[in-house]
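Shown next: my_file_27.cif, given as mmCIF, C-alpha atoms and all ligand atoms.
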```cif
data_work
#
loop_
_atom_site.label_atom_id
_atom_site.label_comp_id
_atom_site.auth_asym_id
_atom_site.auth_seq_id
_atom_site.Cartn_x
_atom_site.Cartn_y
_atom_site.Cartn_z
CA MET A 65 7.27 38.79 -150.34
CA SER A 66 7.48 39.07 -146.55
CA GLU A 67 5.89 41.62 -144.26
CA ALA A 68 6.98 42.34 -140.71
CA VAL A 69 3.87 42.26 -138.51
CA HIS A 70 3.93 44.49 -135.46
CA VAL A 71 3.37 42.32 -132.37
CA GLY A 72 4.44 44.46 -129.43
CA SER A 73 5.68 47.79 -128.11
CA GLY A 74 7.93 48.61 -125.21
CA LYS A 75 8.42 52.15 -123.94
CA VAL A 76 11.32 52.66 -126.35
CA ARG A 77 11.29 49.53 -128.58
CA GLU A 78 9.12 47.74 -131.09
CA LEU A 79 8.73 44.05 -131.78
CA TYR A 80 7.71 42.55 -135.16
CA ALA A 81 7.11 38.99 -136.32
CA LEU A 82 9.08 38.09 -139.47
CA ASP A 83 7.67 34.55 -139.72
CA ASP A 84 6.65 31.74 -137.35
CA HIS A 85 10.18 31.36 -136.02
CA ARG A 86 11.75 34.81 -136.21
CA LEU A 87 11.16 38.20 -134.61
CA LEU A 88 12.59 41.64 -135.33
CA LEU A 89 13.49 43.72 -132.27
CA VAL A 90 13.86 47.41 -133.17
CA ALA A 91 15.45 49.85 -130.73
CA SER A 92 14.21 53.41 -131.22
CA ASP A 93 16.01 56.60 -130.19
CA ARG A 94 13.36 57.33 -127.57
CA ILE A 95 14.56 57.82 -124.01
CA SER A 96 12.68 57.58 -120.74
CA THR A 97 13.43 59.04 -117.35
CA PHE A 98 11.46 58.80 -114.12
CA ASP A 99 9.36 56.22 -116.05
CA VAL A 100 8.19 58.75 -118.64
CA VAL A 101 9.20 58.76 -122.33
CA LEU A 102 10.52 62.20 -123.28
CA PRO A 103 9.27 64.10 -126.34
CA THR A 104 12.87 64.52 -127.57
CA GLU A 105 14.90 61.66 -129.07
CA ILE A 106 18.63 60.96 -128.62
CA PRO A 107 20.07 60.34 -132.10
CA ASP A 108 21.66 56.86 -132.44
CA LYS A 109 20.63 55.71 -128.94
CA GLY A 110 18.89 52.67 -130.45
CA ARG A 111 21.99 51.83 -132.48
CA VAL A 112 24.22 52.05 -129.40
CA LEU A 113 21.94 49.68 -127.47
CA THR A 114 21.62 47.24 -130.36
CA GLY A 115 25.38 47.26 -130.98
CA LEU A 116 26.12 46.66 -127.31
CA SER A 117 23.64 43.78 -127.17
CA GLY A 118 25.24 42.20 -130.23
CA PHE A 119 28.70 42.66 -128.71
CA TRP A 120 27.68 40.89 -125.48
CA PHE A 121 25.74 38.15 -127.30
CA ALA A 122 28.85 37.31 -129.32
CA ARG A 123 31.03 37.16 -126.20
CA THR A 124 28.73 35.19 -123.92
CA GLN A 125 27.70 32.33 -126.23
CA ALA A 126 29.82 29.92 -124.21
CA ILE A 127 27.87 30.87 -121.05
CA VAL A 128 24.43 30.56 -122.64
CA PRO A 129 23.12 30.52 -126.23
CA ASN A 130 21.16 33.62 -127.29
CA HIS A 131 18.37 34.52 -129.70
CA LEU A 132 20.39 36.73 -132.05
CA LEU A 133 20.26 35.61 -135.68
CA ALA A 134 21.46 38.79 -137.44
CA LEU A 135 22.01 42.51 -137.02
CA ARG A 136 20.29 44.50 -139.75
CA PRO A 137 22.32 47.07 -141.73
CA ASP A 138 20.36 49.91 -140.05
CA GLY A 139 22.22 49.06 -136.81
CA ARG A 140 19.08 49.28 -134.67
CA SER A 141 17.29 46.05 -135.60
CA MET A 142 18.03 42.50 -134.50
CA GLU A 143 16.57 39.44 -136.16
CA CYS A 144 15.94 36.96 -133.35
CA ARG A 145 14.89 33.40 -132.88
CA ARG A 146 11.44 33.21 -131.38
CA LEU A 147 11.53 31.78 -127.86
CA GLU A 148 9.02 30.72 -125.27
CA MET A 149 9.89 33.39 -122.69
CA LEU A 150 10.04 32.56 -118.99
CA PRO A 151 7.42 34.48 -116.95
CA ILE A 152 10.12 36.00 -114.70
CA GLU A 153 12.64 38.80 -115.07
CA CYS A 154 16.11 37.53 -114.21
CA VAL A 155 17.68 40.38 -112.24
CA VAL A 156 21.23 40.25 -110.88
CA ARG A 157 22.49 42.84 -108.41
CA GLY A 158 26.13 43.44 -107.57
CA TYR A 159 25.41 46.70 -105.74
CA LEU A 160 22.63 47.93 -103.47
CA SER A 161 20.46 50.35 -105.45
CA GLY A 162 16.87 50.99 -106.50
CA SER A 163 14.33 48.46 -105.21
CA GLY A 164 17.15 46.32 -103.77
CA TRP A 165 18.20 49.20 -101.51
CA LYS A 166 14.56 49.87 -100.57
CA ASP A 167 13.98 46.20 -99.67
CA TYR A 168 17.24 46.01 -97.71
CA ARG A 169 16.36 49.11 -95.67
CA SER A 170 12.93 47.75 -94.74
CA THR A 171 13.78 44.03 -94.29
CA GLY A 172 17.58 43.66 -94.04
CA GLY A 173 17.56 41.42 -97.13
CA VAL A 174 16.60 41.32 -100.80
CA CYS A 175 14.36 38.62 -102.36
CA GLY A 176 15.18 36.08 -99.67
CA HIS A 177 18.93 36.76 -99.65
CA ALA A 178 20.14 37.59 -96.14
CA LEU A 179 22.70 40.38 -96.32
CA PRO A 180 25.22 41.76 -93.81
CA GLU A 181 24.07 44.57 -91.53
CA GLY A 182 25.24 48.12 -92.02
CA LEU A 183 25.36 48.24 -95.83
CA VAL A 184 24.96 51.75 -97.25
CA GLU A 185 23.15 52.80 -100.43
CA SER A 186 25.14 51.78 -103.56
CA ALA A 187 27.42 49.48 -101.53
CA GLN A 188 28.97 46.60 -103.45
CA LEU A 189 27.46 43.32 -102.23
CA PRO A 190 29.74 40.58 -100.88
CA GLU A 191 28.61 38.48 -103.87
CA PRO A 192 26.22 39.24 -106.74
CA ILE A 193 22.69 38.04 -105.98
CA PHE A 194 19.88 36.77 -108.23
CA THR A 195 16.69 38.70 -107.43
CA PRO A 196 13.90 37.59 -109.77
CA ALA A 197 10.89 39.78 -110.46
CA THR A 198 7.50 39.29 -112.02
CA LYS A 199 6.68 40.98 -115.32
CA VAL A 200 4.16 43.75 -114.87
CA GLN A 201 2.45 45.04 -118.03
CA GLU A 202 2.32 48.71 -117.07
CA GLY A 203 4.41 49.89 -114.18
CA HIS A 204 7.25 48.42 -112.20
CA ASP A 205 8.28 44.78 -112.04
CA GLU A 206 7.76 43.41 -108.55
CA ASN A 207 10.49 41.57 -106.70
CA ILE A 208 9.50 38.02 -105.74
CA THR A 209 11.11 35.41 -103.53
CA ARG A 210 13.22 32.59 -104.90
CA GLU A 211 10.42 30.21 -103.87
CA GLN A 212 7.81 32.22 -105.80
CA ALA A 213 10.05 32.29 -108.88
CA ALA A 214 10.70 28.54 -108.64
CA GLY A 215 6.93 28.05 -108.37
CA LEU A 216 6.45 29.95 -111.64
CA VAL A 217 9.07 28.15 -113.76
CA GLY A 218 9.86 24.94 -111.83
CA GLN A 219 12.88 24.27 -109.63
CA ASP A 220 15.21 22.95 -112.34
CA LEU A 221 14.65 25.91 -114.68
CA PHE A 222 14.93 28.32 -111.77
CA ASP A 223 18.31 26.85 -110.78
CA GLU A 224 19.56 27.02 -114.36
CA ALA A 225 18.28 30.60 -114.84
CA GLU A 226 20.04 31.67 -111.64
CA ARG A 227 23.30 30.00 -112.59
CA VAL A 228 23.32 31.46 -116.10
CA SER A 229 22.27 34.96 -114.94
CA LEU A 230 25.00 35.13 -112.30
CA ALA A 231 27.63 33.90 -114.76
CA LEU A 232 26.57 36.50 -117.37
CA TYR A 233 26.63 39.31 -114.81
CA ARG A 234 30.02 38.31 -113.39
CA PHE A 235 31.54 38.16 -116.87
CA ALA A 236 30.16 41.54 -117.97
CA ALA A 237 30.73 43.37 -114.68
CA GLU A 238 34.39 42.35 -114.61
CA TYR A 239 34.81 43.27 -118.27
CA ALA A 240 33.15 46.68 -117.79
CA ALA A 241 35.00 47.49 -114.55
CA ASP A 242 38.28 47.26 -116.46
CA ARG A 243 36.87 49.91 -118.82
CA GLY A 244 35.64 52.43 -116.25
CA ILE A 245 31.99 51.37 -116.05
CA VAL A 246 30.29 49.86 -113.01
CA ILE A 247 27.37 47.60 -113.96
CA ALA A 248 25.47 47.90 -110.69
CA ASP A 249 22.68 45.54 -111.69
CA THR A 250 21.06 44.13 -114.78
CA LYS A 251 17.97 42.35 -116.03
CA PHE A 252 17.96 39.36 -118.37
CA GLU A 253 15.05 37.83 -120.24
CA LEU A 254 15.50 34.10 -120.74
CA GLY A 255 13.42 31.73 -122.80
CA LEU A 256 13.36 28.23 -124.20
CA ASP A 257 14.22 27.56 -127.84
CA PRO A 258 12.18 25.01 -129.83
CA ALA A 259 14.51 22.25 -128.56
CA GLY A 260 13.88 23.29 -124.95
CA ARG A 261 17.31 24.85 -124.42
CA LEU A 262 17.54 27.83 -122.07
CA THR A 263 18.38 30.84 -124.27
CA LEU A 264 19.15 34.52 -123.62
CA GLY A 265 16.67 36.89 -125.30
CA ASP A 266 15.78 40.56 -125.46
CA GLU A 267 18.55 43.17 -125.27
CA ALA A 268 21.34 42.35 -122.86
CA LEU A 269 23.75 44.33 -120.69
CA THR A 270 22.77 47.69 -122.15
CA PRO A 271 22.31 50.90 -120.16
CA ASP A 272 18.51 50.50 -120.61
CA SER A 273 18.48 47.00 -119.09
CA SER A 274 21.12 47.77 -116.45
CA ARG A 275 22.39 50.50 -114.14
CA PHE A 276 25.68 51.80 -115.56
CA TRP A 277 27.70 54.07 -113.24
CA PRO A 278 30.93 55.92 -114.05
CA ALA A 279 33.60 54.05 -112.02
CA ASP A 280 35.61 57.26 -111.44
CA ASP A 281 32.73 58.85 -109.49
CA TYR A 282 31.70 55.74 -107.53
CA ALA A 283 31.12 56.72 -103.88
CA PRO A 284 28.94 54.44 -101.75
CA GLY A 285 26.69 56.10 -99.14
CA GLY A 286 24.18 57.69 -101.53
CA GLY A 287 22.74 57.49 -105.01
CA GLN A 288 25.18 57.35 -107.94
CA PRO A 289 25.08 59.39 -111.15
CA SER A 290 23.81 57.47 -114.19
CA TYR A 291 26.47 56.90 -116.86
CA ASP A 292 24.02 57.65 -119.66
CA LYS A 293 21.01 59.58 -118.33
CA GLN A 294 22.47 61.97 -115.76
CA PHE A 295 22.33 65.08 -118.00
CA VAL A 296 18.69 64.29 -118.76
CA ARG A 297 17.79 63.81 -115.11
CA ASP A 298 19.64 66.97 -114.05
CA PHE A 299 17.90 68.98 -116.75
CA CYS A 300 14.46 67.62 -115.84
CA GLU A 301 15.05 68.43 -112.16
CA SER A 302 16.33 71.94 -112.92
CA ALA A 303 13.35 72.57 -115.21
CA GLY A 304 11.09 71.98 -112.19
CA TRP A 305 9.23 69.13 -113.95
CA ASP A 306 6.82 67.34 -111.56
CA LYS A 307 7.57 63.94 -113.22
CA GLU A 308 4.01 63.63 -114.48
CA PRO A 309 3.56 63.40 -118.27
CA PRO A 310 4.21 65.26 -120.43
CA ALA A 311 7.95 65.58 -119.87
CA PRO A 312 9.78 68.70 -121.03
CA GLU A 313 11.58 68.92 -124.39
CA LEU A 314 15.35 68.57 -124.03
CA PRO A 315 17.60 71.44 -125.14
CA ALA A 316 20.21 70.70 -127.83
CA GLU A 317 23.14 70.69 -125.38
CA VAL A 318 21.44 68.01 -123.24
CA VAL A 319 20.71 65.92 -126.34
CA ASP A 320 24.30 66.26 -127.59
CA GLY A 321 25.84 65.51 -124.19
CA THR A 322 23.62 62.48 -123.70
CA ARG A 323 24.35 61.12 -127.18
CA ALA A 324 28.07 61.53 -126.44
CA ARG A 325 27.69 59.49 -123.23
CA TYR A 326 25.96 56.64 -125.06
CA VAL A 327 28.64 56.62 -127.74
CA GLU A 328 31.35 56.75 -125.06
CA ALA A 329 29.86 53.75 -123.27
CA PHE A 330 29.74 51.86 -126.58
CA GLU A 331 33.35 52.68 -127.48
CA ARG A 332 34.73 51.99 -124.00
CA LEU A 333 33.02 48.61 -123.71
CA THR A 334 33.50 47.37 -127.25
CA GLY A 335 36.84 49.00 -128.05
CA ILE A 336 35.27 49.71 -131.48
CA GLU A 337 34.73 53.19 -132.96
CA PHE A 338 31.03 53.91 -133.18
CA ASP A 339 31.46 55.13 -136.78
CA ALA A 340 32.82 51.68 -137.68
CA TYR A 341 29.65 50.16 -136.21
CA LEU A 342 27.46 52.53 -138.24
CA ALA A 343 29.32 51.54 -141.42
CA GLU A 344 29.09 47.79 -140.72
CA PRO A 345 27.12 46.65 -137.64
CA GLY A 346 28.64 43.15 -137.89
CA VAL A 347 31.95 44.49 -136.50
CA VAL A 348 30.64 43.97 -132.94
CA LEU A 349 30.17 40.24 -133.59
CA ALA A 350 33.76 39.55 -134.71
C1 LIG A 401 9.72 38.83 -126.55
N1 LIG A 401 9.50 40.78 -125.55
C2 LIG A 401 9.77 42.05 -124.94
C3 LIG A 401 8.07 43.65 -125.82
C4 LIG A 401 9.86 44.84 -127.47
C5 LIG A 401 10.24 43.78 -126.67
N2 LIG A 401 13.15 36.02 -128.80
C6 LIG A 401 11.90 36.26 -128.32
N3 LIG A 401 10.94 35.33 -128.48
C7 LIG A 401 9.71 35.52 -128.06
N4 LIG A 401 9.33 36.65 -127.45
C8 LIG A 401 10.20 37.65 -127.23
C9 LIG A 401 11.54 37.47 -127.67
C10 LIG A 401 12.54 38.49 -127.49
N5 LIG A 401 13.31 39.30 -127.32
C11 LIG A 401 10.38 39.94 -126.11
N6 LIG A 401 8.31 40.27 -125.61
C12 LIG A 401 8.41 39.06 -126.23
C13 LIG A 401 9.35 43.19 -125.83
C14 LIG A 401 7.70 44.71 -126.63
C15 LIG A 401 8.61 45.33 -127.46
F1 LIG A 401 10.72 45.41 -128.30
#
```

For this file, produce the structure as structure tokens.
Amino acid sequence: MSEAVHVGSGKVRELYALDDHRLLLVASDRISTFDVVLPTEIPDKGRVLTGLSGFWFARTQAIVPNHLLALRPDGRSMECRRLEMLPIECVVRGYLSGSGWKDYRSTGGVCGHALPEGLVESAQLPEPIFTPATKVQEGHDENITREQAAGLVGQDLFDEAERVSLALYRFAAEYAADRGIVIADTKFELGLDPAGRLTLGDEALTPDSSRFWPADDYAPGGGQPSYDKQFVRDFCESAGWDKEPPAPELPAEVVDGTRARYVEAFERLTGIEFDAYLAEPGVVLA
């Protein structure tokens, strides 16, 4: 008889230990915006994120091995190999947004990468850049320099993490661009397996770990709409919410529209009907 022991919570996910070597990562239907978890869930959001992670894990094994052992029949739970996680977030940016844009405006660069002058908000960068961050328990991860990151993990692991992160981002961004989705940036969590091999963990290349923008609406020179959360943000703004908890309940039309966007992202990227995933989650791994 085995019992899953709860070992951690994220804002919208839960982590359980299955045994000494395996974890269960469960994606809930909770959604956050402006750093606050909303009181209203988006049905199937956790299944969309889990299915997308599984899809990318299956297609990037040749770039780097990953922690996925199995998708559970519920579609929202991944059995994973337990890793020794690196103490850095491996962020890759292909476009200038969020903290990257803020850093560029104040310093002309991002995390020690010199960048051309005159870039506008949301501009595509000449090349994707690796911009590591430290993990912060509560609150925002903080960008660190390449030297600081190398100090935390060692130069060889840093070089390997950078190489693997850039290769993953390039692969996914090109794949998504062909399907109408800009992956502006993304965050990977890497770890070492028991044999010391660098391994991709966590969820990967989902709209919660990345900025997804609709390619049709892409217009550099300002902020871009979010592929998945724009209805939620627009509603929260129009409701006059001050962005301090508690957040407002979402009306049914915002929930339905947002669910449809998640499902659309899943179907565009995977080419698989979401109903087929619900019936048999393993279809994303084929
Ligand atoms: C691990 N997190 C993040 C925290 C969550 C997720 N394969 C792994 N081995 C060891 N540790 C982790 C993983 C993974 N993935 C992931 N923290 C540790 C996290 C809280 C809730 F759902």

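When all atoms listed in the file are used to measure the gap to Phe295 in chain A, the shortest distance among A:Asp205, A:Glu317, A:Glu328, A:Asp281 belongs to A:Glu317.
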
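Between ligand LIG 401 (chain A) and the candidates A:Gly74, A:Gly215, A:Gly139, A:Gly255, the tightest atom-to-atom separation, counting only C-alpha atoms and all ligand atoms, involves A:Gly74.
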
Counting all atoms listed in the file, which residues of chain A fall within 9 Å of ligand LIG 401 (chain A), and what is the closest atom pair for each with its distance in Å at one decimal, ordered by chain and rising number, as CSV?
```
residue,atom,partner,partner_atom,distance
A:Val71,CA,A:LIG401,C14,7.6
A:Gly72,CA,A:LIG401,C14,4.3
A:Ser73,CA,A:LIG401,C15,3.9
A:Gly74,CA,A:LIG401,C15,4.0
A:Lys75,CA,A:LIG401,C15,7.7
A:Val76,CA,A:LIG401,F1,7.5
A:Arg77,CA,A:LIG401,F1,4.2
A:Glu78,CA,A:LIG401,F1,4.0
A:Leu79,CA,A:LIG401,F1,4.2
A:Tyr80,CA,A:LIG401,F1,8.0
A:His85,CA,A:LIG401,N3,8.6
A:Arg86,CA,A:LIG401,N2,7.6
A:Leu87,CA,A:LIG401,N2,6.5
A:Leu88,CA,A:LIG401,F1,8.2
A:Leu89,CA,A:LIG401,F1,5.1
A:Val90,CA,A:LIG401,F1,6.1
A:Ala91,CA,A:LIG401,F1,6.9
A:Asn130,CA,A:LIG401,N2,8.5
A:His131,CA,A:LIG401,N2,5.5
A:Leu132,CA,A:LIG401,N2,8.0
A:Glu143,CA,A:LIG401,N2,8.8
A:Cys144,CA,A:LIG401,N2,5.4
A:Arg145,CA,A:LIG401,N2,5.2
A:Arg146,CA,A:LIG401,N3,3.6
A:Leu147,CA,A:LIG401,N3,3.7
A:Glu148,CA,A:LIG401,C7,5.6
A:Met149,CA,A:LIG401,C7,5.8
A:Glu253,CA,A:LIG401,N5,7.4
A:Leu254,CA,A:LIG401,C10,8.6
A:Gly255,CA,A:LIG401,N3,7.2
A:Leu256,CA,A:LIG401,N3,8.6
A:Asp257,CA,A:LIG401,N3,8.5
A:Thr263,CA,A:LIG401,N2,8.6
A:Leu264,CA,A:LIG401,N2,8.1
A:Gly265,CA,A:LIG401,N5,4.6
A:Asp266,CA,A:LIG401,N5,3.3
A:Glu267,CA,A:LIG401,N5,6.8
```

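Our summary of the geometry notes that CA of Glu206 in chain A is positioned 20.7 Å from CA of Leu189 in chain A.
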
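Separating CA of Val100 in chain A from CA of Thr209 in chain A is a distance of 28.0 Å.
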
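CA of Ala236 in chain A is positioned 12.5 Å from CA of Arg275 in chain A.
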
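Compared by their closest atoms to Ser290 in chain A, and using all atoms listed in the file, the residues A:Arg210, A:Arg325, A:Lys307, A:Arg243 rank with A:Arg325 nearest.
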
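Candidate residues A:Val156, A:Leu116, A:Ala311, A:Ala68 were compared for distance to Phe330 in chain A, and the nearest is A:Leu116, using all atoms listed in the file.
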
Of A:Gly287, A:Pro151, A:Gly115, A:Pro107, the one sitting nearest Val200 in chain A when using all atoms listed in the file is A:Pro151

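For Gly182 in chain A, the non-local neighbours within 12 Å, defined as residues at least 3 positions apart in the same chain or in other chains and counting all atoms listed in the file, are A:Leu160, A:Trp165, A:Tyr168, A:Arg169, A:Gly172, A:Gly173, A:Leu179, A:Glu185, A:Ala187, A:Leu189, A:Gly285.
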
Closest of A:Arg234, A:Ala248, A:Val348, A:Gly158 to Gln288 in chain A, counting only C-alpha atoms, is A:Ala248

- Message: Taking (7.2, 39.7, -141.4) as a centre in this file's frame and 6 Å as the limit, can you find every polymer residue with an atom that close, using only C-alpha atoms, and give them as a list of chain:residue names?
- Response: A:Ser66, A:Glu67, A:Ala68, A:Val69, A:Ala81, A:Leu82, A:Asp83

Set the distance at 8 Å and use all atoms listed in the file: which residues neighbour Ala122 in chain A once local chain neighbours fewer than 4 positions away are removed? I'd like the list as a PDB file with C-alpha atoms, in the frame of the given file.
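Final output, part17.pdb:
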```
ATOM      1  CA  GLY A 118      25.240  42.200-130.230  1.00  0.00           C
ATOM      2  CA  VAL A 348      30.640  43.970-132.940  1.00  0.00           C
ATOM      3  CA  LEU A 349      30.170  40.240-133.590  1.00  0.00           C
ATOM      4  CA  ALA A 350      33.760  39.550-134.710  1.00  0.00           C
TER       5      ALA A 350
END
```
